[in-house]
Amino acid sequence: MSQSQGSGATTLLSVEKLTKAFGSFKACDGIDLDIRPGEVHALLGENGAGKSTLVKMLFGVLAPSSGRINWRGAPVDIDSPAEARRLGVGMVFQHFSLFEALTVAENIALSLDKRTPLATIAAQARDLSVAYGLPLDPNAHVADLSVGERQRIEIIRALLQNPQLIILDEPTSVLTPQEADRLFDTLEKLKGEGRSVLYISHRLEEVQRICDRATVLRHGKVTGACDPRLETPASLARMMVGTEVAEVRRDADVAMGEVTLAVEGLNVAPRTPFAMPLRDVSLTVRAGEILAIAGVAGNGQSELFDALSGEYPTAENEVVRIRNKGVGRVGINGRRLMGAGFVPEERHGHGAVTGLSLSDNLLLARNTSDHRAFLGGGLLRLIRHDAVKRATARICEAMDVRKSGVDPLAGALSGGNLQKFIVGRELDRQPALLVVNQPTWGVDAGAASRIRQALVDLARAGSAVLVISQDLDEIFEVATDIAVISEGRLSPIYPAEDLSREKIGLLMGGLHDKSGAETAHAH
Ligand code: ADP
Ligand code: MG
């Protein structure tokens, strides 16, 4: 700690009028910020607020357009990550950059600025993993590791450089609650050693739990600085969004219509050693109904989504039925043609191709289903780019997608804005059935509220909606009916008003309480 306070500096890093422009758009606009030694400093803001852009400048990944960065009181020019590391800045990115086919130690070796024998790296990584409570086998292949374990590699690789400031960009958006708790312990330890942490998050409760100070960004500008412990989640959200976050509105009673999706005795064998088998899953979703499936990550959610979407067709055709037709062996495009829409969990690469524009991403998702809307008449059947652009604009307008150009690359959108676009793209087709996996994972309060309202509105308009989510707040906000998935089995389906958090917690643990099961309605 003493060495971090050279020449009496009370700030480790300070930023003055820091600005980053992309063309005429300022992602960061005159930002002032200071980070003290030994504090956990939160950087809060809606998706698209400029948080990632700011920290990329601090780590030398992006060059500032103007402004100043001071390190221990002296101006510095951080022109590369190597320079950032040399100063004592370490970074854990939002999206990991790891080679799947290599081991943990090999991945770390690739990122070091000086050559170090693999055995030394493995030994150091092992020591750090023990010291900081981040269990990790240096010889494991990355392909075999969970998201939480992959994040530990990034943290250990940052710690190997003995940084004074560690920046984490939305580290818990990919973690289970248990993994997040472990991470918080690690952050406490780092802080105890006098290191500073710059912590980006959209989860207000966790910011209140672990951060000493918070700086709030909105549209690239600092809109507030506070002690998060003296705030409430609502007051923090207001600083981020500028207004009160809209509460999701829904009608008391929506009449349920026909069964739109029916699953009967779905069994799926695990495809990889890490997959969860699905065991005898049955459910129905009616028009007007929002069935939410709660559960801790890794209990069969992605396997269920894959079977429902047709990403992995099932062996028997009749186990999955859409509007009374067996579709188990029908692929995703065939199911789309029958009026279904799907939003997968992973935005980058799955929900959208980051290297393509929004309009090309729209065209990709409609390649077979609604081709006609985008094809001209005549022999050539050329793509009507004007129609595609108009639909893109319509979707962005409807979902309030904030972007820096008319038709930017999907990868240039912040996570929440890209997610709004992906959800909006499905809604624009007015699907009779929508299946969504983790609709607002890693998304800020404003975007999450917009997405949840859209799901409620869709059901209200007569569609059947199935939401797979780990977020209980979200589930209680949108669901008419709730079931819990645990070790590949689905609990009975309960009307939402009959379930409490505690009851769901018990079901998550696999304790199917019999008295509860009797009150579940017959689906
Ligand atoms: P946050 O991390 O707060 O969600 P970002 O810093 O990722 O936000 O993005 C801030 C804004 O800058 C967004 O509107 C985003 O679309 C835009 N942006 C980010 N990177 C680029 C880029 N390389 N080119 C153009 N615009 C970008
Ligand atoms: Mg970001």
# chains A, B, ... in the order shown; residues from 1 in each chain; ligands from 1

$ residues_near_ligand --ligand "ligand 1" --cutoff "10 Å" --atoms "only C-alpha atoms and all ligand atoms" --output "PDB file with C-alpha atoms, in the first residue's frame"
ATOM      1  CA  LYS A  20     -13.551   9.840 -27.405  1.00  0.00           C
ATOM      2  CA  ALA A  21     -15.327  10.574 -30.662  1.00  0.00           C
ATOM      3  CA  PHE A  22     -16.308   8.017 -33.280  1.00  0.00           C
ATOM      4  CA  GLY A  23     -16.920  10.244 -36.283  1.00  0.00           C
ATOM      5  CA  SER A  24     -19.190  13.000 -35.058  1.00  0.00           C
ATOM      6  CA  PHE A  25     -20.513  10.868 -32.183  1.00  0.00           C
ATOM      7  CA  LYS A  26     -18.914  11.319 -28.764  1.00  0.00           C
ATOM      8  CA  ALA A  27     -19.012   8.045 -26.834  1.00  0.00           C
ATOM      9  CA  CYS A  28     -17.166   9.799 -23.975  1.00  0.00           C
ATOM     10  CA  LEU A  43     -18.581   2.971 -12.946  1.00  0.00           C
ATOM     11  CA  LEU A  44     -22.304   2.922 -13.490  1.00  0.00           C
ATOM     12  CA  GLY A  45     -24.385   3.717 -16.519  1.00  0.00           C
ATOM     13  CA  GLU A  46     -26.954   2.441 -18.927  1.00  0.00           C
ATOM     14  CA  ASN A  47     -25.879   0.401 -21.887  1.00  0.00           C
ATOM     15  CA  GLY A  48     -24.279   2.724 -24.386  1.00  0.00           C
ATOM     16  CA  ALA A  49     -23.336   5.263 -21.695  1.00  0.00           C
ATOM     17  CA  GLY A  50     -19.656   5.018 -22.634  1.00  0.00           C
ATOM     18  CA  LYS A  51     -18.288   2.867 -19.798  1.00  0.00           C
ATOM     19  CA  SER A  52     -16.390   0.361 -21.932  1.00  0.00           C
ATOM     20  CA  THR A  53     -15.065   3.139 -24.158  1.00  0.00           C
ATOM     21  CA  LEU A  54     -13.719   4.988 -21.118  1.00  0.00           C
ATOM     22  CA  VAL A  55     -11.866   2.016 -19.670  1.00  0.00           C
ATOM     23  CA  LYS A  56     -10.494   1.034 -23.072  1.00  0.00           C
ATOM     24  CA  LEU A  62      -8.474   3.171 -27.663  1.00  0.00           C
ATOM     25  CA  GLN A  94     -16.310  -7.941 -20.875  1.00  0.00           C
ATOM     26  CA  ASP A 169     -15.879  -4.577 -17.211  1.00  0.00           C
ATOM     27  CA  GLU A 170     -19.245  -6.064 -16.176  1.00  0.00           C
ATOM     28  CA  ILE A 200     -18.226  -1.587 -14.119  1.00  0.00           C
ATOM     29  CA  SER A 201     -21.634  -2.990 -13.467  1.00  0.00           C
ATOM     30  CA  HIS A 202     -25.295  -2.423 -14.160  1.00  0.00           C
ATOM     31  CA  LEU A 217     -22.261   8.113 -16.791  1.00  0.00           C
ATOM     32  CA  ARG A 218     -25.094   8.974 -19.098  1.00  0.00           C
ATOM     33  CA  HIS A 219     -24.704   9.590 -22.839  1.00  0.00           C
ATOM     34  CA  GLY A 220     -20.930   9.872 -22.447  1.00  0.00           C
ATOM     35  CA  VAL A 401     -32.164   1.261 -29.918  1.00  0.00           C
ATOM     36  CA  ARG A 402     -29.464   3.900 -29.287  1.00  0.00           C
ATOM     37  CA  LYS A 403     -26.766   3.834 -31.940  1.00  0.00           C
ATOM     38  CA  SER A 404     -24.135   6.079 -33.425  1.00  0.00           C
ATOM     39  CA  GLY A 405     -25.162   5.891 -37.114  1.00  0.00           C
ATOM     40  CA  PRO A 408     -24.017   0.603 -37.680  1.00  0.00           C
ATOM     41  CA  LEU A 409     -22.272  -2.737 -37.301  1.00  0.00           C
ATOM     42  CA  ALA A 410     -24.017  -4.867 -34.684  1.00  0.00           C
ATOM     43  CA  GLY A 411     -20.704  -5.026 -32.803  1.00  0.00           C
ATOM     44  CA  ALA A 412     -20.620  -1.238 -32.362  1.00  0.00           C
ATOM     45  CA  LEU A 413     -23.804  -1.312 -30.267  1.00  0.00           C
ATOM     46  CA  SER A 414     -23.568  -1.682 -26.524  1.00  0.00           C
ATOM     47  CA  GLY A 415     -24.927  -4.948 -25.127  1.00  0.00           C
ATOM     48  CA  GLY A 416     -28.323  -3.652 -24.059  1.00  0.00           C
ATOM     49  CA  ASN A 417     -28.929  -1.840 -27.303  1.00  0.00           C
ATOM     50  CA  LEU A 418     -27.970  -4.870 -29.355  1.00  0.00           C
ATOM     51  CA  GLY A 442     -26.107  -8.192 -18.798  1.00  0.00           C
ATOM     52  CA  VAL A 443     -28.517  -5.443 -19.757  1.00  0.00           C
ATOM     53  CA  ASP A 444     -28.998  -2.162 -17.853  1.00  0.00           C
TER      54      ASP A 444
END

$ select_by_dssp --residues "range 368-462 of chain A" --states "alpha helix (DSSP H)" --output "number ranges by chain"
A: 371-374, 385-399, 415-427, 445-460

$ write_last_selection --atoms "N, CA and C atoms" --output "short mmCIF file (atom, residue, chain, number, x, y, z; two decimals), in the first residue's frame"
data_model
loop_
_atom_site.label_atom_id
_atom_site.label_comp_id
_atom_site.auth_asym_id
_atom_site.auth_seq_id
_atom_site.Cartn_x
_atom_site.Cartn_y
_atom_site.Cartn_z
N HIS A 371 -38.90 -14.05 -46.36
CA HIS A 371 -38.17 -13.59 -47.51
C HIS A 371 -38.97 -12.64 -48.37
N ARG A 372 -40.23 -13.01 -48.56
CA ARG A 372 -41.03 -12.30 -49.55
C ARG A 372 -41.08 -10.79 -49.29
N ALA A 373 -41.15 -10.43 -48.00
CA ALA A 373 -41.25 -9.01 -47.68
C ALA A 373 -40.04 -8.24 -48.22
N PHE A 374 -38.92 -8.93 -48.33
CA PHE A 374 -37.70 -8.24 -48.71
C PHE A 374 -37.25 -8.55 -50.13
N HIS A 385 -33.24 -3.66 -50.75
CA HIS A 385 -32.48 -3.10 -49.63
C HIS A 385 -33.21 -1.95 -48.96
N ASP A 386 -34.00 -1.22 -49.75
CA ASP A 386 -34.74 -0.12 -49.13
C ASP A 386 -35.73 -0.67 -48.10
N ALA A 387 -36.38 -1.79 -48.43
CA ALA A 387 -37.35 -2.38 -47.49
C ALA A 387 -36.63 -2.88 -46.23
N VAL A 388 -35.44 -3.47 -46.43
CA VAL A 388 -34.67 -3.96 -45.28
C VAL A 388 -34.28 -2.79 -44.38
N LYS A 389 -33.82 -1.70 -45.00
CA LYS A 389 -33.40 -0.52 -44.22
C LYS A 389 -34.60 0.06 -43.47
N ARG A 390 -35.75 0.09 -44.15
CA ARG A 390 -36.93 0.64 -43.48
C ARG A 390 -37.32 -0.21 -42.28
N ALA A 391 -37.26 -1.53 -42.46
CA ALA A 391 -37.62 -2.42 -41.35
C ALA A 391 -36.62 -2.24 -40.20
N THR A 392 -35.33 -2.09 -40.54
CA THR A 392 -34.30 -1.87 -39.51
C THR A 392 -34.63 -0.61 -38.72
N ALA A 393 -34.96 0.46 -39.44
CA ALA A 393 -35.28 1.72 -38.77
C ALA A 393 -36.52 1.56 -37.89
N ARG A 394 -37.51 0.81 -38.41
CA ARG A 394 -38.76 0.61 -37.65
C ARG A 394 -38.46 -0.13 -36.33
N ILE A 395 -37.62 -1.15 -36.42
CA ILE A 395 -37.29 -1.93 -35.22
C ILE A 395 -36.54 -1.07 -34.21
N CYS A 396 -35.58 -0.30 -34.70
CA CYS A 396 -34.77 0.54 -33.79
C CYS A 396 -35.65 1.58 -33.13
N GLU A 397 -36.58 2.12 -33.88
CA GLU A 397 -37.51 3.11 -33.35
C GLU A 397 -38.41 2.48 -32.27
N ALA A 398 -38.99 1.32 -32.62
CA ALA A 398 -39.93 0.68 -31.71
C ALA A 398 -39.27 0.31 -30.38
N MET A 399 -37.99 -0.10 -30.45
CA MET A 399 -37.33 -0.58 -29.23
C MET A 399 -36.37 0.46 -28.65
N GLY A 415 -24.19 -3.70 -25.32
CA GLY A 415 -24.93 -4.95 -25.13
C GLY A 415 -26.43 -4.78 -25.05
N GLY A 416 -26.88 -3.83 -24.25
CA GLY A 416 -28.32 -3.65 -24.06
C GLY A 416 -29.00 -3.18 -25.33
N ASN A 417 -28.32 -2.33 -26.08
CA ASN A 417 -28.93 -1.84 -27.30
C ASN A 417 -28.98 -2.93 -28.36
N LEU A 418 -27.94 -3.76 -28.42
CA LEU A 418 -27.97 -4.87 -29.35
C LEU A 418 -29.09 -5.84 -28.97
N GLN A 419 -29.24 -6.08 -27.66
CA GLN A 419 -30.30 -6.99 -27.22
C GLN A 419 -31.68 -6.43 -27.56
N LYS A 420 -31.86 -5.13 -27.41
CA LYS A 420 -33.15 -4.53 -27.79
C LYS A 420 -33.40 -4.75 -29.27
N PHE A 421 -32.34 -4.62 -30.08
CA PHE A 421 -32.51 -4.83 -31.51
C PHE A 421 -32.89 -6.29 -31.81
N ILE A 422 -32.21 -7.23 -31.16
CA ILE A 422 -32.48 -8.65 -31.44
C ILE A 422 -33.90 -9.02 -31.03
N VAL A 423 -34.33 -8.54 -29.87
CA VAL A 423 -35.71 -8.81 -29.44
C VAL A 423 -36.68 -8.12 -30.39
N GLY A 424 -36.39 -6.88 -30.75
CA GLY A 424 -37.27 -6.13 -31.64
C GLY A 424 -37.39 -6.78 -33.02
N ARG A 425 -36.30 -7.38 -33.47
CA ARG A 425 -36.31 -8.06 -34.75
C ARG A 425 -37.32 -9.21 -34.75
N GLU A 426 -37.39 -9.94 -33.65
CA GLU A 426 -38.36 -11.04 -33.57
C GLU A 426 -39.78 -10.48 -33.43
N LEU A 427 -39.93 -9.43 -32.60
CA LEU A 427 -41.26 -8.87 -32.37
C LEU A 427 -41.85 -8.30 -33.65
N ALA A 445 -30.80 -1.29 -16.51
CA ALA A 445 -32.18 -1.19 -16.03
C ALA A 445 -33.14 -0.61 -17.08
N GLY A 446 -32.69 0.42 -17.79
CA GLY A 446 -33.58 1.04 -18.78
C GLY A 446 -33.92 0.11 -19.92
N ALA A 447 -32.89 -0.55 -20.47
CA ALA A 447 -33.11 -1.47 -21.59
C ALA A 447 -33.91 -2.69 -21.13
N ALA A 448 -33.62 -3.16 -19.91
CA ALA A 448 -34.33 -4.34 -19.40
C ALA A 448 -35.81 -4.03 -19.28
N SER A 449 -36.13 -2.86 -18.77
CA SER A 449 -37.53 -2.51 -18.60
C SER A 449 -38.23 -2.41 -19.96
N ARG A 450 -37.52 -1.89 -20.97
CA ARG A 450 -38.09 -1.79 -22.31
C ARG A 450 -38.37 -3.20 -22.89
N ILE A 451 -37.42 -4.10 -22.69
CA ILE A 451 -37.56 -5.45 -23.23
C ILE A 451 -38.70 -6.19 -22.53
N ARG A 452 -38.77 -6.06 -21.21
CA ARG A 452 -39.83 -6.77 -20.46
C ARG A 452 -41.20 -6.24 -20.85
N GLN A 453 -41.30 -4.92 -21.02
CA GLN A 453 -42.58 -4.36 -21.44
C GLN A 453 -42.98 -4.93 -22.81
N ALA A 454 -42.00 -5.08 -23.69
CA ALA A 454 -42.30 -5.61 -25.03
C ALA A 454 -42.82 -7.04 -24.94
N LEU A 455 -42.27 -7.84 -24.01
CA LEU A 455 -42.74 -9.23 -23.86
C LEU A 455 -44.18 -9.24 -23.35
N VAL A 456 -44.46 -8.38 -22.37
CA VAL A 456 -45.81 -8.30 -21.82
C VAL A 456 -46.80 -7.85 -22.90
N ASP A 457 -46.39 -6.85 -23.67
CA ASP A 457 -47.27 -6.35 -24.73
C ASP A 457 -47.55 -7.42 -25.78
N LEU A 458 -46.52 -8.20 -26.09
CA LEU A 458 -46.69 -9.25 -27.10
C LEU A 458 -47.74 -10.27 -26.64
N ALA A 459 -47.63 -10.70 -25.38
CA ALA A 459 -48.60 -11.67 -24.85
C ALA A 459 -49.99 -11.05 -24.80
N ARG A 460 -50.02 -9.80 -24.42
CA ARG A 460 -51.31 -9.10 -24.32
C ARG A 460 -51.99 -9.04 -25.69
#

$ closest_residue --among "A:Gln208, A:Thr480, A:Thr354, A:Ser309" --to "Pro495 in chain A" --atoms "only C-alpha atoms"
A:Thr480

$ select_by_dssp --residues "range 204-449 of chain A" --states "strand (DSSP E or B)" --output "count of residues only"
56

$ atom_distance --atom1 "CA of Arg321 in chain A" --atom2 "CA of Thr260 in chain A"
7.9 Å

$ residues_around --residues "range 118-124 of chain A" --least-positions-apart "3" --cutoff "9 Å" --atoms "only C-alpha atoms" --output "PyMOL selection string"
chain A and resi 104-106+108-109+127-129+137-139+160

$ closest_residue --among "A:Gln178, A:Ser486, A:Ser235, A:Gln161" --to "Gly298 in chain A" --atoms "only C-alpha atoms"
A:Ser486

$ atom_distance --atom1 "CA of Leu308 in chain A" --atom2 "CA of Arg249 in chain A"
27.8 Å

$ closest_residue --among "A:Leu187, A:Leu364, A:Leu168, A:Ile468" --to "ligand 2" --atoms "only C-alpha atoms and all ligand atoms"
A:Leu168

$ closest_residue --among "A:Tyr199, A:Ala140, A:Arg279, A:Val130" --to "ligand 2" --atoms "only C-alpha atoms and all ligand atoms"
A:Tyr199

$ closest_residue --among "A:Leu102, A:Ile31, A:Leu363, A:Val92" --to "ligand 2" --atoms "only C-alpha atoms and all ligand atoms"
A:Val92

$ decode --residues "range 11-38 of chain A" --atoms "N, CA, C and O atoms" --output "mmCIF file, in the first residue's frame"
data_model
loop_
_atom_site.group_PDB
_atom_site.id
_atom_site.type_symbol
_atom_site.label_atom_id
_atom_site.label_comp_id
_atom_site.auth_asym_id
_atom_site.auth_seq_id
_atom_site.Cartn_x
_atom_site.Cartn_y
_atom_site.Cartn_z
ATOM 1 N N THR A 11 -4.720 10.504 -5.178
ATOM 2 C CA THR A 11 -5.398 9.780 -6.255
ATOM 3 C C THR A 11 -4.367 8.933 -6.972
ATOM 4 O O THR A 11 -3.229 9.332 -7.169
ATOM 5 N N LEU A 12 -4.807 7.752 -7.340
ATOM 6 C CA LEU A 12 -3.942 6.855 -8.100
ATOM 7 C C LEU A 12 -4.027 7.240 -9.570
ATOM 8 O O LEU A 12 -3.029 7.421 -10.256
ATOM 9 N N LEU A 13 -5.264 7.354 -10.028
ATOM 10 C CA LEU A 13 -5.458 7.713 -11.429
ATOM 11 C C LEU A 13 -6.515 8.808 -11.502
ATOM 12 O O LEU A 13 -7.514 8.749 -10.788
ATOM 13 N N SER A 14 -6.255 9.805 -12.310
ATOM 14 C CA SER A 14 -7.302 10.799 -12.515
ATOM 15 C C SER A 14 -7.404 11.106 -13.990
ATOM 16 O O SER A 14 -6.440 10.957 -14.748
ATOM 17 N N VAL A 15 -8.600 11.493 -14.383
ATOM 18 C CA VAL A 15 -8.915 11.690 -15.776
ATOM 19 C C VAL A 15 -9.530 13.077 -15.882
ATOM 20 O O VAL A 15 -10.365 13.449 -15.061
ATOM 21 N N GLU A 16 -9.058 13.881 -16.836
ATOM 22 C CA GLU A 16 -9.601 15.238 -17.003
ATOM 23 C C GLU A 16 -10.123 15.426 -18.411
ATOM 24 O O GLU A 16 -9.393 15.223 -19.370
ATOM 25 N N LYS A 17 -11.374 15.792 -18.508
ATOM 26 C CA LYS A 17 -12.009 16.157 -19.793
ATOM 27 C C LYS A 17 -11.737 15.108 -20.875
ATOM 28 O O LYS A 17 -11.483 15.438 -22.024
ATOM 29 N N LEU A 18 -11.763 13.863 -20.493
ATOM 30 C CA LEU A 18 -11.417 12.821 -21.458
ATOM 31 C C LEU A 18 -12.571 12.610 -22.439
ATOM 32 O O LEU A 18 -13.723 12.449 -22.046
ATOM 33 N N THR A 19 -12.236 12.619 -23.720
ATOM 34 C CA THR A 19 -13.253 12.547 -24.770
ATOM 35 C C THR A 19 -12.833 11.529 -25.818
ATOM 36 O O THR A 19 -11.660 11.428 -26.169
ATOM 37 N N LYS A 20 -13.802 10.745 -26.276
ATOM 38 C CA LYS A 20 -13.551 9.840 -27.405
ATOM 39 C C LYS A 20 -14.678 9.996 -28.412
ATOM 40 O O LYS A 20 -15.848 9.757 -28.082
ATOM 41 N N ALA A 21 -14.319 10.417 -29.613
ATOM 42 C CA ALA A 21 -15.327 10.574 -30.662
ATOM 43 C C ALA A 21 -15.169 9.477 -31.699
ATOM 44 O O ALA A 21 -14.052 9.093 -32.055
ATOM 45 N N PHE A 22 -16.279 8.907 -32.112
ATOM 46 C CA PHE A 22 -16.308 8.017 -33.280
ATOM 47 C C PHE A 22 -17.030 8.823 -34.370
ATOM 48 O O PHE A 22 -18.246 8.990 -34.292
ATOM 49 N N GLY A 23 -16.292 9.334 -35.325
ATOM 50 C CA GLY A 23 -16.920 10.244 -36.283
ATOM 51 C C GLY A 23 -17.413 11.470 -35.532
ATOM 52 O O GLY A 23 -16.678 12.051 -34.725
ATOM 53 N N SER A 24 -18.667 11.816 -35.739
ATOM 54 C CA SER A 24 -19.190 13.000 -35.058
ATOM 55 C C SER A 24 -19.827 12.635 -33.721
ATOM 56 O O SER A 24 -20.280 13.497 -32.986
ATOM 57 N N PHE A 25 -19.851 11.337 -33.401
ATOM 58 C CA PHE A 25 -20.513 10.868 -32.183
ATOM 59 C C PHE A 25 -19.511 10.765 -31.041
ATOM 60 O O PHE A 25 -18.451 10.148 -31.190
ATOM 61 N N LYS A 26 -19.823 11.383 -29.907
ATOM 62 C CA LYS A 26 -18.914 11.319 -28.764
ATOM 63 C C LYS A 26 -19.370 10.242 -27.778
ATOM 64 O O LYS A 26 -20.354 10.428 -27.065
ATOM 65 N N ALA A 27 -18.659 9.120 -27.770
ATOM 66 C CA ALA A 27 -19.012 8.045 -26.834
ATOM 67 C C ALA A 27 -18.643 8.453 -25.412
ATOM 68 O O ALA A 27 -19.314 8.072 -24.459
ATOM 69 N N CYS A 28 -17.544 9.207 -25.251
ATOM 70 C CA CYS A 28 -17.166 9.799 -23.975
ATOM 71 C C CYS A 28 -16.962 11.276 -24.235
ATOM 72 O O CYS A 28 -16.283 11.647 -25.185
ATOM 73 N N ASP A 29 -17.537 12.107 -23.374
ATOM 74 C CA ASP A 29 -17.598 13.531 -23.693
ATOM 75 C C ASP A 29 -17.183 14.358 -22.463
ATOM 76 O O ASP A 29 -17.995 14.669 -21.612
ATOM 77 N N GLY A 30 -15.877 14.628 -22.371
ATOM 78 C CA GLY A 30 -15.390 15.487 -21.286
ATOM 79 C C GLY A 30 -15.500 14.864 -19.908
ATOM 80 O O GLY A 30 -16.000 15.487 -18.972
ATOM 81 N N ILE A 31 -15.014 13.636 -19.779
ATOM 82 C CA ILE A 31 -15.180 12.921 -18.505
ATOM 83 C C ILE A 31 -14.094 13.282 -17.489
ATOM 84 O O ILE A 31 -12.910 13.305 -17.812
ATOM 85 N N ASP A 32 -14.527 13.587 -16.263
ATOM 86 C CA ASP A 32 -13.622 13.777 -15.125
ATOM 87 C C ASP A 32 -13.874 12.643 -14.135
ATOM 88 O O ASP A 32 -15.028 12.332 -13.850
ATOM 89 N N LEU A 33 -12.792 12.074 -13.643
ATOM 90 C CA LEU A 33 -12.943 10.928 -12.743
ATOM 91 C C LEU A 33 -11.658 10.794 -11.955
ATOM 92 O O LEU A 33 -10.581 11.051 -12.494
ATOM 93 N N ASP A 34 -11.738 10.423 -10.671
ATOM 94 C CA ASP A 34 -10.494 10.088 -9.980
ATOM 95 C C ASP A 34 -10.669 8.832 -9.157
ATOM 96 O O ASP A 34 -11.750 8.553 -8.646
ATOM 97 N N ILE A 35 -9.605 8.073 -9.111
ATOM 98 C CA ILE A 35 -9.629 6.806 -8.386
ATOM 99 C C ILE A 35 -8.557 6.859 -7.310
ATOM 100 O O ILE A 35 -7.395 7.158 -7.594
ATOM 101 N N ARG A 36 -8.990 6.607 -6.066
ATOM 102 C CA ARG A 36 -8.060 6.683 -4.938
ATOM 103 C C ARG A 36 -7.410 5.327 -4.681
ATOM 104 O O ARG A 36 -7.992 4.296 -5.018
ATOM 105 N N PRO A 37 -6.256 5.342 -4.038
ATOM 106 C CA PRO A 37 -5.627 4.062 -3.698
ATOM 107 C C PRO A 37 -6.536 3.270 -2.755
ATOM 108 O O PRO A 37 -7.140 3.849 -1.847
ATOM 109 N N GLY A 38 -6.648 1.984 -2.988
ATOM 110 C CA GLY A 38 -7.354 1.108 -2.060
ATOM 111 C C GLY A 38 -8.861 1.231 -2.063
ATOM 112 O O GLY A 38 -9.507 0.802 -1.126
#
